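Colleague: As input, take input05.txt (compact mmCIF, C-alpha atoms):
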# COMPACT_ATOMS: atom_id res chain seq x y z
CA MET A 5 80.11 67.15 83.32
CA ASP A 6 79.54 66.25 86.90
CA ILE A 7 82.73 67.00 88.69
CA LYS A 8 81.50 66.30 92.16
CA GLN A 9 80.51 62.72 91.42
CA ASP A 10 83.67 61.96 89.50
CA PHE A 11 86.06 63.56 91.84
CA LEU A 12 84.83 63.49 95.36
CA PRO A 13 84.14 59.86 96.17
CA GLU A 14 83.84 58.41 99.64
CA ARG A 15 86.98 58.80 101.73
CA GLY A 16 86.53 56.98 105.05
CA LYS A 17 87.92 53.59 104.24
CA GLN A 18 91.05 54.73 102.50
CA GLU A 19 91.89 57.11 105.31
CA GLU A 20 91.47 54.42 107.94
CA GLU A 21 93.94 52.21 106.12
CA GLU A 22 96.36 55.07 105.87
CA THR A 23 96.34 55.92 109.57
CA GLU A 24 96.79 52.27 110.47
CA GLU A 25 99.70 52.04 108.13
CA SER A 26 101.39 55.19 109.41
CA ALA A 27 100.98 53.96 113.00
CA ARG A 28 102.75 50.75 112.01
CA THR A 29 105.54 52.74 110.33
CA ILE A 30 106.13 54.88 113.39
CA GLU A 31 106.14 51.78 115.60
CA SER A 32 108.77 50.06 113.47
CA ILE A 33 110.93 53.19 113.47
CA LYS A 34 110.74 53.28 117.27
CA GLN A 35 111.74 49.64 117.53
CA LEU A 36 114.81 50.25 115.40
CA GLY A 37 116.02 52.67 118.04
CA GLU A 38 118.24 55.42 116.69
CA SER A 39 116.11 57.83 114.72
CA SER A 40 112.99 59.37 116.13
CA PRO A 41 109.79 59.53 114.07
CA PRO A 42 109.09 62.79 112.28
CA VAL A 43 107.13 65.29 114.29
CA GLU A 44 104.63 67.46 112.49
CA VAL A 45 105.97 70.99 112.59
CA LYS A 46 103.60 73.87 112.00
CA SER A 47 105.31 77.17 111.51
CA ASP A 48 103.97 80.15 113.43
CA ILE A 49 105.41 82.44 110.78
CA HIS A 50 103.49 82.50 107.55
CA ILE A 51 104.80 83.49 104.18
CA LEU A 52 103.04 85.29 101.36
CA PRO A 53 104.88 85.34 98.06
CA ILE A 54 103.78 88.09 95.70
CA ILE A 55 105.17 87.16 92.32
CA GLY A 56 104.58 88.02 88.68
CA GLN A 57 101.78 90.39 87.76
CA ILE A 58 99.39 91.62 90.40
CA GLU A 59 96.00 90.72 89.01
CA GLY A 60 92.94 92.83 89.70
CA HIS A 61 89.59 92.94 87.96
CA MET A 62 90.72 91.27 84.79
CA VAL A 63 91.81 87.64 84.44
CA LEU A 64 95.08 87.81 82.55
CA PRO A 65 96.05 85.34 79.81
CA PRO A 66 97.64 82.16 81.22
CA LYS A 67 101.19 82.91 80.15
CA ASN A 68 101.33 85.59 82.85
CA LYS A 69 102.34 84.47 86.29
CA THR A 70 99.96 86.31 88.54
CA THR A 71 99.12 87.04 92.15
CA LYS A 72 95.38 87.51 92.45
CA TYR A 73 94.06 89.95 95.00
CA GLU A 74 90.88 87.99 95.66
CA HIS A 75 93.14 85.24 97.05
CA ILE A 76 95.51 87.48 98.97
CA ILE A 77 92.92 89.57 100.77
CA PRO A 78 91.03 86.75 102.54
CA GLN A 79 94.37 85.14 103.39
CA LEU A 80 95.45 88.35 105.10
CA VAL A 81 92.20 88.36 107.09
CA ALA A 82 92.75 84.71 108.06
CA ILE A 83 96.30 85.43 109.18
CA GLU A 84 95.21 88.43 111.23
CA GLU A 85 92.43 86.37 112.84
CA ASN A 86 94.55 83.34 113.65
CA PRO A 87 96.16 83.59 117.12
CA ASN A 88 98.73 80.90 116.25
CA ILE A 89 100.30 83.02 113.55
CA LYS A 90 102.99 85.22 115.06
CA GLY A 91 104.23 86.93 111.94
CA LEU A 92 103.89 87.29 108.21
CA LEU A 93 106.79 87.40 105.79
CA ILE A 94 105.98 88.91 102.42
CA ILE A 95 108.32 87.90 99.64
CA LEU A 96 108.20 90.23 96.67
CA ASN A 97 109.33 89.49 93.18
CA THR A 98 106.85 91.34 91.06
CA VAL A 99 106.82 93.32 87.84
CA GLY A 100 103.84 95.39 88.96
CA GLY A 101 100.24 95.19 87.89
CA ASP A 102 96.78 96.51 88.66
CA ILE A 103 96.97 99.72 90.68
CA GLU A 104 93.79 99.32 92.69
CA ALA A 105 94.56 95.68 93.51
CA GLY A 106 98.09 96.62 94.56
CA LEU A 107 96.91 99.49 96.70
CA ALA A 108 94.21 97.30 98.28
CA ILE A 109 96.81 94.70 99.28
CA SER A 110 99.10 97.46 100.59
CA GLU A 111 96.36 99.00 102.71
CA MET A 112 95.39 95.61 104.15
CA ILE A 113 98.99 94.83 105.09
CA SER A 114 99.61 98.23 106.63
CA SER A 115 96.53 97.93 108.85
CA MET A 116 97.41 94.51 110.28
CA ASP A 117 98.29 93.95 113.95
CA THR A 118 100.20 90.77 113.15
CA PRO A 119 103.88 91.68 112.67
CA THR A 120 104.72 91.94 108.98
CA VAL A 121 108.07 92.10 107.23
CA SER A 122 108.68 92.36 103.51
CA LEU A 123 111.66 91.09 101.58
CA VAL A 124 112.26 92.27 98.04
CA LEU A 125 114.11 89.62 96.06
CA GLY A 126 114.82 89.97 92.38
CA GLY A 127 112.46 92.82 91.69
CA GLY A 128 109.78 94.84 93.39
CA HIS A 129 108.78 97.15 90.59
CA SER A 130 106.01 99.69 90.03
CA ILE A 131 103.01 98.77 92.18
CA GLY A 132 105.31 96.39 94.12
CA VAL A 133 106.85 99.47 95.75
CA PRO A 134 103.80 100.40 97.92
CA ILE A 135 103.42 96.73 98.92
CA ALA A 136 107.07 96.59 100.00
CA VAL A 137 106.75 99.67 102.19
CA ALA A 138 103.36 98.70 103.67
CA THR A 139 104.88 96.28 106.18
CA ASP A 140 106.20 97.07 109.67
CA PHE A 141 109.73 96.62 108.41
CA SER A 142 111.15 96.14 104.92
CA TYR A 143 114.23 94.43 103.56
CA ILE A 144 115.76 94.35 100.12
CA ALA A 145 118.31 91.84 98.88
CA SER A 146 121.54 93.53 97.78
CA THR A 147 120.95 92.44 94.18
CA ALA A 148 117.22 93.20 94.06
CA SER A 149 115.89 96.18 92.15
CA MET A 150 112.91 98.48 92.29
CA THR A 151 111.77 100.52 89.30
CA ILE A 152 109.93 103.74 89.94
CA HIS A 153 108.29 105.25 86.87
CA PRO A 154 105.18 107.24 85.97
CA ILE A 155 101.90 105.48 85.20
CA ARG A 156 101.31 105.26 81.50
CA LEU A 157 98.68 104.00 79.18
CA THR A 158 100.60 102.19 76.50
CA GLY A 159 99.45 102.85 72.98
CA MET A 160 96.96 105.49 74.02
CA VAL A 161 97.29 109.14 73.26
CA ILE A 162 96.41 111.40 76.10
CA GLY A 163 94.17 113.86 74.32
CA VAL A 164 91.79 115.25 76.87
CA PRO A 165 92.82 117.04 80.05
CA GLN A 166 90.48 114.87 82.19
CA THR A 167 92.41 111.74 81.27
CA TYR A 168 95.64 113.34 82.25
CA GLU A 169 94.14 114.52 85.51
CA TYR A 170 92.89 110.99 86.20
CA LEU A 171 96.36 109.54 85.68
CA ASP A 172 97.80 112.27 87.84
CA LYS A 173 95.38 111.44 90.65
CA MET A 174 96.22 107.74 90.46
CA GLN A 175 99.89 108.62 90.61
CA ASP A 176 99.28 110.81 93.65
CA ARG A 177 97.62 107.91 95.47
CA ILE A 178 100.75 105.80 94.99
CA ILE A 179 103.13 108.61 95.90
CA LYS A 180 101.12 109.47 99.04
CA PHE A 181 101.00 105.86 100.21
CA VAL A 182 104.72 105.33 99.68
CA SER A 183 105.78 108.58 101.35
CA THR A 184 103.57 108.01 104.41
CA HIS A 185 104.73 104.41 104.89
CA SER A 186 108.45 104.90 104.35
CA ARG A 187 111.11 107.47 105.14
CA ILE A 188 111.24 108.87 101.62
CA PRO A 189 109.83 112.42 101.27
CA GLU A 190 107.02 112.92 98.77
CA GLU A 191 109.04 115.31 96.59
CA LYS A 192 111.99 112.94 96.44
CA PHE A 193 109.80 110.03 95.31
CA ARG A 194 108.15 112.21 92.68
CA GLU A 195 111.56 113.33 91.48
CA LEU A 196 112.71 109.69 91.12
CA MET A 197 109.54 108.89 89.20
CA PHE A 198 110.13 111.58 86.59
CA ARG A 199 113.91 111.56 86.43
CA THR A 200 115.33 111.45 82.92
CA GLY A 201 118.55 109.83 81.81
CA GLU A 202 118.41 106.83 84.16
CA LEU A 203 116.26 104.51 82.09
CA VAL A 204 116.90 103.92 78.43
CA ARG A 205 114.22 105.72 76.40
CA ASP A 206 112.05 106.22 79.43
CA VAL A 207 111.44 108.37 82.48
CA GLY A 208 112.05 106.94 85.92
CA THR A 209 114.67 105.36 88.17
CA VAL A 210 115.91 101.88 88.99
CA LEU A 211 117.10 101.45 92.57
CA ILE A 212 119.31 98.49 93.37
CA GLY A 213 119.71 97.08 96.88
CA LYS A 214 121.31 99.67 99.13
CA GLU A 215 120.26 102.61 96.91
CA ALA A 216 116.67 101.96 97.98
CA VAL A 217 117.80 101.98 101.63
CA GLU A 218 119.89 105.15 101.27
CA LEU A 219 116.88 106.98 99.83
CA GLY A 220 114.71 105.82 102.71
CA LEU A 221 112.35 103.72 100.62
CA VAL A 222 113.29 100.40 102.22
CA ASP A 223 114.50 100.00 105.81
CA GLU A 224 117.50 97.70 105.42
CA VAL A 225 119.49 95.52 103.04
CA GLY A 226 119.09 91.93 104.14
CA GLY A 227 118.01 88.41 103.46
CA LEU A 228 115.87 85.66 104.87
CA ASN A 229 117.65 85.33 108.23
CA ALA A 230 117.39 89.05 108.93
CA ALA A 231 113.72 89.14 107.94
CA LEU A 232 112.82 86.18 110.17
CA ALA A 233 114.81 87.57 113.11
CA LYS A 234 112.96 90.88 112.71
CA LEU A 235 109.59 89.13 112.74
CA ARG A 236 110.54 87.31 115.95
CA SER A 237 111.62 90.51 117.64
CA LEU A 238 108.51 92.38 116.47
CA ASP A 239 106.37 89.60 117.91
CA LYS A 240 108.31 89.66 121.17
CA SER A 241 107.86 93.40 121.64
CA ARG A 242 104.16 93.02 120.81
CA GLU A 243 103.81 90.36 123.51
CA GLU A 244 105.57 92.61 126.01
CA VAL A 245 103.17 95.45 125.28
CA LYS A 246 100.25 93.06 125.86
CA ASP A 247 101.63 92.01 129.26
CA MET B 25 91.71 98.65 84.95
CA LEU B 26 94.81 100.76 85.13
CA ASN B 27 98.11 98.98 85.13
CA TYR B 28 101.31 100.12 86.78
CA SER B 29 103.92 97.70 85.61
CA ILE B 30 107.31 97.64 83.97
CA TYR B 31 105.83 95.30 81.36
CA PRO B 32 104.15 96.94 78.38
CA LEU B 33 100.41 96.33 78.24
CA GLU B 34 100.62 94.61 74.84
CA LEU B 35 102.89 91.97 76.34
CA ILE B 36 100.60 91.38 79.32
CA LEU B 37 97.48 91.08 77.20
CA GLU B 38 99.05 88.97 74.45
CA GLY B 39 96.68 86.12 73.59
CA TYR B 40 93.78 87.72 75.41
CA GLU B 41 91.38 87.31 72.43
CA ASN B 42 91.72 83.53 72.42
CA PHE B 43 91.61 83.18 76.17
CA ASN B 44 88.27 81.87 77.40
CA PRO B 45 88.62 80.01 80.67
CA GLU B 46 85.58 77.99 81.68
CA TYR B 47 84.86 77.79 85.35
CA GLU B 48 82.45 75.55 87.14
CA GLU B 49 81.22 75.80 90.70
CA ILE B 50 81.34 72.89 93.09
CA SER B 51 80.07 73.34 96.59
CA LEU B 52 81.64 71.51 99.48
CA SER B 53 80.12 71.64 102.94
CA ARG B 54 79.74 74.58 105.35
CA GLY B 55 79.27 77.26 102.74
CA LEU B 56 82.54 76.44 101.05
CA THR B 57 82.40 76.68 97.29
CA LEU B 58 85.19 76.19 94.82
CA LEU B 59 85.40 77.69 91.38
CA VAL B 60 87.23 75.06 89.34
CA GLU B 61 88.57 74.65 85.87
CA LYS B 62 89.06 71.40 83.95
CA THR B 63 92.57 71.02 82.60
CA GLU B 64 93.45 69.41 79.28
CA SER B 65 94.36 66.18 81.05
CA ASN B 66 90.90 66.14 82.68
CA GLU B 67 92.07 67.10 86.11
CA ILE B 68 90.22 69.57 88.25
CA LYS B 69 92.22 72.69 88.94
CA ILE B 70 91.14 75.02 91.70
CA GLY B 71 90.63 78.53 90.39
CA LYS B 72 89.17 80.31 93.35
CA ILE B 73 87.81 79.64 96.81
CA VAL B 74 84.47 81.17 97.74
CA SER B 75 83.95 81.12 101.48
CA THR B 76 83.23 83.49 104.30
CA ASP B 77 85.49 81.57 106.68
CA PRO B 78 88.90 83.17 106.29
CA GLN B 79 90.66 80.05 107.59
CA ASP B 80 89.50 78.17 104.47
CA TYR B 81 91.85 80.36 102.48
CA LEU B 82 94.83 79.02 104.44
CA ARG B 83 94.09 75.34 103.78
CA PRO B 84 97.03 74.04 101.75
CA GLU B 85 94.91 71.50 99.82
CA LEU B 86 92.60 74.26 98.63
CA GLN B 87 95.21 76.65 97.32
CA PRO B 88 94.26 78.12 93.94
CA GLY B 89 96.14 76.55 91.08
CA SER B 90 96.42 73.17 92.76
CA ILE B 91 94.79 70.03 91.43
CA LEU B 92 91.83 68.83 93.44
CA LYS B 93 92.63 65.58 95.19
CA ASN B 94 89.86 63.04 95.54
CA ASP B 95 90.63 62.39 99.20
CA ILE B 96 90.01 66.00 100.11
CA TYR B 97 88.34 66.65 103.44
CA TYR B 98 85.00 68.32 102.91
What do you get writing this file as structure tokens?

Modeller:
Amino acid sequence: MDIKQDFLPERGKQEEEETEESARTIESIKQLGESSPPVEVKSDIHILPIIGQIEGHMVLPPKNKTTKYEHIIPQLVAIEENPNIKGLLIILNTVGGDIEAGLAISEMISSMDTPTVSLVLGGGHSIGVPIAVATDFSYIASTASMTIHPIRLTGMVIGVPQTYEYLDKMQDRIIKFVSTHSRIPEEKFRELMFRTGELVRDVGTVLIGKEAVELGLVDEVGGLNAALAKLRSLDKSREEVKD
Amino acid sequence: MLNYSIYPLELILEGYENFNPEYEEISLSRGLTLLVEKTESNEIKIGKIVSTDPQDYLRPELQPGSILKNDIYY
């Protein structure tokens, strides 16, 4: 199968026709008077939706909706490098996923100079929590939820102490990241993670909207307008510091 | 791989045994390579971008998951 030959034929001619045609269209719109031709608008705020499972080293079966870290990471570099991009809005609606991929994305976001704001819509569960708090400022929709629970290996019996210690260390990495990037104290986050009686047949806590704010995990309850306004003001204060 | 998700692992990995995606590399100019997958309807779906120019990853026509257009700029 030779994809290149089948799919990448000569462009040139077709493109020429297209530009000629669009020039004619714009001209006829001008002659009609009233409406002005559409102007190409390029936004200086970029958006990064993190949805579904966060995919790391393993390609997940196609029925999963995934966000792949090998796509996200170079995009973050490109955004940081591009002087025309004044801010990055991260929209979270994730059920969690690979720990190392999630932590890698979180660390990248937290070390960016470009202003970043996260908005949790729907759900920002498990490994979505460190990503939500990694930004300069975080918002949660009033109906959105965040589940905090211990790491578990489903279907596996923890038999040897080393395995348990490994899980414990992984958990500590998440707890440390979250407590250093938000207002929630380490002990409080750990307590939420192991709380009993909140989740049916499981250990952990679900925080909805303002509960996450009251505990200091997320900065404010808000929506799209608040998130965009925050990005603008963060960019403005960054410009002022530069001058 | 260690997962931290509210979904049970069995649910995430359901159908993993029968899942064998086939990728093929096509190289466009300037060190830009795409890892693509042929769909059932014989279209070329972009799986992954391989490039050292970060701006390539922001090109809307090259976003992973999209179908490769034959008028793509390369």

Colleague: List as CSV every residue of chain A that is in contact with chain B, defined as an atom at most 6 Å from one of its atoms (using all atoms listed in the file), together with the nearest atom pair and the distance in Å rounded to one decimal, sorted by chain and then rising number.

Modeller:
residue,atom,partner,partner_atom,distance
A:Phe11,CA,B:Asn94,CA,5.3
A:Leu12,CA,B:Asn94,CA,5.1
A:Arg15,CA,B:Asp95,CA,5.7
A:Pro65,CA,B:Tyr40,CA,5.5
A:Pro78,CA,B:Pro78,CA,5.6
A:Gln79,CA,B:Tyr81,CA,5.5
A:Ala82,CA,B:Pro78,CA,4.5
A:Val99,CA,B:Ser29,CA,5.7
A:Gly100,CA,B:Ser29,CA,4.1
A:Gly101,CA,B:Ser29,CA,5.0
A:Asp102,CA,B:Asn27,CA,4.5
A:Ile103,CA,B:Asn27,CA,5.7
A:Ser130,CA,B:Ser29,CA,5.3
A:Ile131,CA,B:Tyr28,CA,5.8
A:Ile155,CA,B:Tyr28,CA,5.6

Colleague: So which residues touch stretch 67-77 of chain A within 6 Å, counting only C-alpha atoms, skipping near sequence neighbours fewer than 5 positions away, as a list in words?

Modeller: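 Those residues are Ile54, Gly56, Gln57, Ile58, Glu59 and Ala105 of chain A.
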
Colleague: Can you list, as a CSV table (one decimal) with C-alpha atoms, in the frame of the given file, every protein, DNA or RNA residue that comes within 9 Å of A:Leu232 when you count only C-alpha atoms, leaving out same-chain residues fewer than 2 positions away?

Modeller:
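To be explicit, this is the file written out as around-v3.csv:
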chain,number,residue,atom,x,y,z
A,49,ILE,CA,105.4,82.4,110.8
A,91,GLY,CA,104.2,86.9,111.9
A,93,LEU,CA,106.8,87.4,105.8
A,121,VAL,CA,108.1,92.1,107.2
A,227,GLY,CA,118.0,88.4,103.5
A,228,LEU,CA,115.9,85.7,104.9
A,229,ASN,CA,117.6,85.3,108.2
A,230,ALA,CA,117.4,89.0,108.9
A,234,LYS,CA,113.0,90.9,112.7
A,235,LEU,CA,109.6,89.1,112.7
A,236,ARG,CA,110.5,87.3,116.0
A,237,SER,CA,111.6,90.5,117.6

Colleague: Would you compute, for all listed atoms of stretch 43-51 of chain B, the axis-aligned bounding box grown by 6 Å on each side, and then report its centre and edge lengths in Å rounded to one decimal, as lines of an AutoDock Vina configuration file?

Modeller:
center_x = 85.8
center_y = 78.0
center_z = 86.4
size_x = 23.5
size_y = 22.3
size_z = 32.4

Colleague: Once you count all atoms listed in the file, which residues end up no further than 12 Å from (98.6, 104.4, 107.1) in the file's frame, shown as a ChimeraX atom specification?

Modeller: /A:107,110-116,134,137-140,180-186

Colleague: Those same residues, written as a tab-separated table (two decimals), in the frame of the given file with C-alpha atoms?

Modeller:
chain	number	residue	atom	x	y	z
A	107	LEU	CA	96.91	99.49	96.70
A	110	SER	CA	99.10	97.46	100.59
A	111	GLU	CA	96.36	99.00	102.71
A	112	MET	CA	95.39	95.61	104.15
A	113	ILE	CA	98.99	94.83	105.09
A	114	SER	CA	99.61	98.23	106.63
A	115	SER	CA	96.53	97.93	108.85
A	116	MET	CA	97.41	94.51	110.28
A	134	PRO	CA	103.80	100.40	97.92
A	137	VAL	CA	106.75	99.67	102.19
A	138	ALA	CA	103.36	98.70	103.67
A	139	THR	CA	104.88	96.28	106.18
A	140	ASP	CA	106.20	97.07	109.67
A	180	LYS	CA	101.12	109.47	99.04
A	181	PHE	CA	101.00	105.86	100.21
A	182	VAL	CA	104.72	105.33	99.68
A	183	SER	CA	105.78	108.58	101.35
A	184	THR	CA	103.57	108.01	104.41
A	185	HIS	CA	104.73	104.41	104.89
A	186	SER	CA	108.45	104.90	104.35

Colleague: Atom CA of B:Ile70 and atom CA of B:Gly89, how far apart in Å?

Modeller: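 Rounded to one decimal, the two atoms are 5.3 Å apart.
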
Colleague: Need to verify the contact set: A:Gly208, 12 Å, only C-alpha atoms, exclusion of same-chain residues closer than 4 positions in sequence. Can you return it as a compact mmCIF listing (two decimals) with C-alpha atoms, in the coordinates of the input?

Modeller:
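Final output, selection.txt:
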# COMPACT_ATOMS: atom_id res chain seq x y z
CA HIS A 129 108.78 97.15 90.59
CA SER A 130 106.01 99.69 90.03
CA MET A 150 112.91 98.48 92.29
CA THR A 151 111.77 100.52 89.30
CA ILE A 152 109.93 103.74 89.94
CA HIS A 153 108.29 105.25 86.87
CA PRO A 154 105.18 107.24 85.97
CA ILE A 155 101.90 105.48 85.20
CA ARG A 156 101.31 105.26 81.50
CA PHE A 193 109.80 110.03 95.31
CA ARG A 194 108.15 112.21 92.68
CA GLU A 195 111.56 113.33 91.48
CA LEU A 196 112.71 109.69 91.12
CA MET A 197 109.54 108.89 89.20
CA PHE A 198 110.13 111.58 86.59
CA ARG A 199 113.91 111.56 86.43
CA THR A 200 115.33 111.45 82.92
CA GLY A 201 118.55 109.83 81.81
CA GLU A 202 118.41 106.83 84.16
CA LEU A 203 116.26 104.51 82.09
CA VAL A 204 116.90 103.92 78.43
CA ILE B 30 107.31 97.64 83.97

Colleague: Rounded to one decimal in Å, what is the spacing between atom CA of A:Asp176 and atom CA of A:Glu190?

Modeller: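 That distance, rounded to one decimal, is 9.5 Å.
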
Colleague: Atom CA of A:Met62 to atom CA of A:Leu171: how many Å, to one decimal?

Modeller: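 Spanning atom CA of A:Met62 to atom CA of A:Leu171 is a straight-line distance of 19.1 Å.
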
Colleague: Please, could N, CA and C atoms be added to stretch 65-84 of chain B and the result written as an mmCIF file, in the frame of the given file?

Modeller:
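Dumped to rebuild25.cif:
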data_model
loop_
_atom_site.group_PDB
_atom_site.id
_atom_site.type_symbol
_atom_site.label_atom_id
_atom_site.label_comp_id
_atom_site.auth_asym_id
_atom_site.auth_seq_id
_atom_site.Cartn_x
_atom_site.Cartn_y
_atom_site.Cartn_z
ATOM 1 N N SER B 65 94.236 67.586 80.682
ATOM 2 C CA SER B 65 94.360 66.180 81.050
ATOM 3 C C SER B 65 93.220 65.750 81.978
ATOM 4 N N ASN B 66 92.115 66.483 81.936
ATOM 5 C CA ASN B 66 90.900 66.140 82.680
ATOM 6 C C ASN B 66 91.040 66.158 84.196
ATOM 7 N N GLU B 67 91.971 66.945 84.664
ATOM 8 C CA GLU B 67 92.070 67.100 86.110
ATOM 9 C C GLU B 67 91.287 68.339 86.507
ATOM 10 N N ILE B 68 90.991 68.426 87.789
ATOM 11 C CA ILE B 68 90.220 69.570 88.250
ATOM 12 C C ILE B 68 91.166 70.539 88.941
ATOM 13 N N LYS B 69 91.306 71.700 88.376
ATOM 14 C CA LYS B 69 92.220 72.690 88.940
ATOM 15 C C LYS B 69 91.411 73.743 89.689
ATOM 16 N N ILE B 70 91.841 74.034 90.899
ATOM 17 C CA ILE B 70 91.140 75.020 91.700
ATOM 18 C C ILE B 70 91.464 76.430 91.192
ATOM 19 N N GLY B 71 90.425 77.171 90.877
ATOM 20 C CA GLY B 71 90.630 78.530 90.390
ATOM 21 C C GLY B 71 90.460 79.546 91.495
ATOM 22 N N LYS B 72 89.478 79.318 92.334
ATOM 23 C CA LYS B 72 89.170 80.310 93.350
ATOM 24 C C LYS B 72 88.372 79.656 94.481
ATOM 25 N N ILE B 73 88.587 80.114 95.674
ATOM 26 C CA ILE B 73 87.810 79.640 96.810
ATOM 27 C C ILE B 73 86.747 80.689 97.095
ATOM 28 N N VAL B 74 85.520 80.223 97.339
ATOM 29 C CA VAL B 74 84.470 81.170 97.740
ATOM 30 C C VAL B 74 83.984 80.723 99.106
ATOM 31 N N SER B 75 84.324 81.476 100.122
ATOM 32 C CA SER B 75 83.950 81.120 101.480
ATOM 33 C C SER B 75 83.991 82.352 102.346
ATOM 34 N N THR B 76 83.155 82.361 103.381
ATOM 35 C CA THR B 76 83.230 83.490 104.300
ATOM 36 C C THR B 76 84.086 83.173 105.508
ATOM 37 N N ASP B 77 84.588 81.926 105.592
ATOM 38 C CA ASP B 77 85.490 81.570 106.680
ATOM 39 C C ASP B 77 86.920 81.818 106.224
ATOM 40 N N PRO B 78 87.558 82.858 106.797
ATOM 41 C CA PRO B 78 88.900 83.170 106.290
ATOM 42 C C PRO B 78 89.889 82.010 106.409
ATOM 43 N N GLN B 79 89.695 81.139 107.417
ATOM 44 C CA GLN B 79 90.660 80.050 107.590
ATOM 45 C C GLN B 79 90.648 79.074 106.403
ATOM 46 N N ASP B 80 89.549 79.022 105.662
ATOM 47 C CA ASP B 80 89.500 78.170 104.470
ATOM 48 C C ASP B 80 90.566 78.566 103.454
ATOM 49 N N TYR B 81 90.888 79.872 103.459
ATOM 50 C CA TYR B 81 91.850 80.360 102.480
ATOM 51 C C TYR B 81 93.290 79.974 102.839
ATOM 52 N N LEU B 82 93.486 79.443 104.037
ATOM 53 C CA LEU B 82 94.830 79.020 104.440
ATOM 54 C C LEU B 82 95.014 77.518 104.314
ATOM 55 N N ARG B 83 93.961 76.801 103.899
ATOM 56 C CA ARG B 83 94.090 75.340 103.780
ATOM 57 C C ARG B 83 94.961 74.986 102.576
ATOM 58 N N PRO B 84 96.088 74.295 102.853
ATOM 59 C CA PRO B 84 97.030 74.040 101.750
ATOM 60 C C PRO B 84 96.403 73.253 100.587
#
